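Asker: Before anything else, here's the structure in question.
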Amino acid sequence: LQLNHSFTEMNRKNAELTSILSSMNHGVIAIDQENQIIHLNDAARKTLDLTAEEKVIGKNILAVYREAFIPELMEYLKNEESERTSFESRIHQDQIMRVYINRIVEAENNSISNGHIIVLEDITLLKNLENMRRDFVANVSHELKTPITTIKGFIETIQVNKIDDPQTLERFYAIISEESDRLSRLVSDILVLSQLENKGGFERKFEHLQLNREITQIFDILKLSAEKKEIVMKVSGDESITLNFVADEFRQMMINLIDNAIKYSETGKKVEVV
């Protein structure tokens with residue numbers, strides 16, 4: 001009776017383990033000291049292009065899958081100095097994996113290896129995102145130089161040549177303003193990227209903001225732009241209104257909205273925040 005109970009308990013645990021491994025997104029392969037496959041889950045079969053019908057248990061992994069990834073894996077399996085190691089490899093032409101290797105050792109003697117557990121993590125998307133980020137940073141770094149150089153050049157031209165001709169100054173100021181807007185857009189893109197990269201670890205700090213005071217401060221920032229077009233800015237409504245918002249996000253949003261209202265309004269019109 002006790003023996004039957006032990007077998008039942010063992011079968012139950014095996015079923016639980018098989019269920020857990022089958023539901024994992026990562027590929028898991030267990031091999032013995034002769035590199036023969038003891039177990040592999042569905043994700044590993046998919047990675048190695050093995051159908052569910054193919055009988056691979058008991059076969060040498062070298063006989064099951066012959067792509068370049070396996071000889072590379074074999075080199076790492078020969079290293080008995082470390083119980084855990086990992087490396088990156090291209091499984092297929094368009095699929096990159098991070099491979100984790102854990103040595104199976106006897107409980108009584110850690111120096112005796114009974115095989116290995118191999119975990120396959122698909123990092124193709126992560127690598128693509130890293131490449132996109134690297135390209136983005138390289139492009140932005142190049143793009144930042146152009147408006148900065150332009151703005152600096154025109155300011156130096158005005159200062160050195162003591163330009164006071166109204167038409168020339170107006171043309172120079174228009175170019176400086178346009179390049180400043182371009183610079184602002186680039187910086188905004190960088191800030192958005194930074195927040196996306198820190199998603200999960202990025203803490204959004206909400207604050208109680210007094211609406212009228214915030215809008216008045218934004219009016220002060222955009223005062224010169226409004227005066228240039230003879231636009232009157234006005235905030236109306238209940239002065240006691242408060243918002244629970246991330247301060248920087250709210251201010252950036254309102255600056256963009258009010259700045260666009262000024263840009264696309266006719267001269268002499270009114271911009272009102274209600």
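Just so we're on the same page: first chain in the structure tokens is A, next is B, and so on; residues restart at 1 for each chain, and ligands are numbered from 1 in the order they show up.
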Find the spatial neighbours of range 248-258 of chain A, counting only C-alpha atoms, within a cut-off of 9 Å - ignore same-chain residues fewer than 2 positions away - and output them as a PyMOL selection string.
Answerer: chain A and resi 214-215+218-219+221-222+245-246+260-263+271-273
Asker: Using DSSP on the backbone coordinates, identify the residues of range 83-272 of chain A assigned to helix (DSSP H, G or I); present them as an NGL selection string.
Answerer: :A and (124-161 or 166-197 or 211-221 or 223-228 or 247-263)
Asker: So that I can check the surroundings of Pro71 in chain A, please list as a PDB file with N, CA and C atoms, in the first residue's frame every protein, DNA and RNA residue that reaches within 12 Å of it, counting only C-alpha atoms and ignoring chain neighbours fewer than 5 positions away.
Answerer:
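Wrote out-v7.pdb, looks like this:
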```
ATOM      1  N   ILE A  61      21.122  14.731 -28.865  1.00  0.00           N
ATOM      2  CA  ILE A  61      20.671  16.022 -29.387  1.00  0.00           C
ATOM      3  C   ILE A  61      21.361  16.379 -30.698  1.00  0.00           C
ATOM      4  N   LEU A  62      22.581  15.875 -30.913  1.00  0.00           N
ATOM      5  CA  LEU A  62      23.303  16.110 -32.158  1.00  0.00           C
ATOM      6  C   LEU A  62      22.603  15.459 -33.350  1.00  0.00           C
ATOM      7  N   ALA A  63      21.914  14.350 -33.098  1.00  0.00           N
ATOM      8  CA  ALA A  63      21.214  13.645 -34.164  1.00  0.00           C
ATOM      9  C   ALA A  63      19.851  14.249 -34.456  1.00  0.00           C
ATOM     10  N   TYR A  65      19.039  17.699 -34.064  1.00  0.00           N
ATOM     11  CA  TYR A  65      19.120  19.044 -34.638  1.00  0.00           C
ATOM     12  C   TYR A  65      20.558  19.305 -35.050  1.00  0.00           C
ATOM     13  N   ARG A  66      20.777  19.658 -36.313  1.00  0.00           N
ATOM     14  CA  ARG A  66      22.131  19.728 -36.840  1.00  0.00           C
ATOM     15  C   ARG A  66      22.565  21.143 -37.246  1.00  0.00           C
ATOM     16  N   TYR A  76      30.056  24.615 -24.988  1.00  0.00           N
ATOM     17  CA  TYR A  76      29.739  25.106 -23.641  1.00  0.00           C
ATOM     18  C   TYR A  76      29.439  23.945 -22.688  1.00  0.00           C
ATOM     19  N   LEU A  77      28.857  22.876 -23.221  1.00  0.00           N
ATOM     20  CA  LEU A  77      28.548  21.719 -22.370  1.00  0.00           C
ATOM     21  C   LEU A  77      29.811  21.026 -21.870  1.00  0.00           C
ATOM     22  N   LYS A  78      30.898  21.161 -22.613  1.00  0.00           N
ATOM     23  CA  LYS A  78      32.160  20.540 -22.202  1.00  0.00           C
ATOM     24  C   LYS A  78      32.756  21.210 -20.971  1.00  0.00           C
ATOM     25  N   SER A  89      23.046  33.063 -29.246  1.00  0.00           N
ATOM     26  CA  SER A  89      23.303  32.388 -30.516  1.00  0.00           C
ATOM     27  C   SER A  89      22.129  32.620 -31.463  1.00  0.00           C
ATOM     28  N   ILE A  91      19.686  30.976 -33.708  1.00  0.00           N
ATOM     29  CA  ILE A  91      19.144  29.644 -33.955  1.00  0.00           C
ATOM     30  C   ILE A  91      18.774  29.504 -35.432  1.00  0.00           C
TER      31      ILE A  91
END
```
Asker: Leaving out Gln93 in chain A and any residue of its chain fewer than 6 positions from it, which residues lie within 12 Å of it when counting only C-alpha atoms, given as a VMD selection string?
Answerer: chain A and resid 67 to 69 124
Asker: Show me, as a PyMOL selection string, the residues that have an atom within 12 Å of Val137 in chain A when counting only C-alpha atoms, minus same-chain residues fewer than 4 positions from it.
Answerer: chain A and resi 130-133+141-144+186-187+189-191+193-194
Asker: Taking 2 positions as the minimum chain separation for residues in the same chain, which residues sit within 12 Å of Glu34 in chain A when counting only C-alpha atoms? Answer as a ChimeraX atom specification.
Answerer: /A:30-32,36-38,58-62,74,77-78,113-116
Asker: What's the separation between CA of Gly27 in chain A and CA of Glu53 in chain A, in Å to one decimal place?
Answerer: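 Taking CA of Gly27 in chain A as the start and CA of Glu53 in chain A as the end point, the length is 17.2 Å.
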Asker: What's around Leu120 in chain A at 9 Å? Count only C-alpha atoms, leave out sequence neighbours fewer than 6 positions away in its own chain, and write the answer as a list in words.
Answerer: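 Everything that qualifies: His26, Gly27, Val28, Ile29, Ala43, Ala44, Thr47, Met97, Arg98, Val99 and Tyr100 of chain A.
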Asker: Rounded to one decimal place, report the CA of Ser240 in chain A-CA of Arg213 in chain A distance in Å.
Answerer: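 Distance reported for this atom pair: 9.9 Å.
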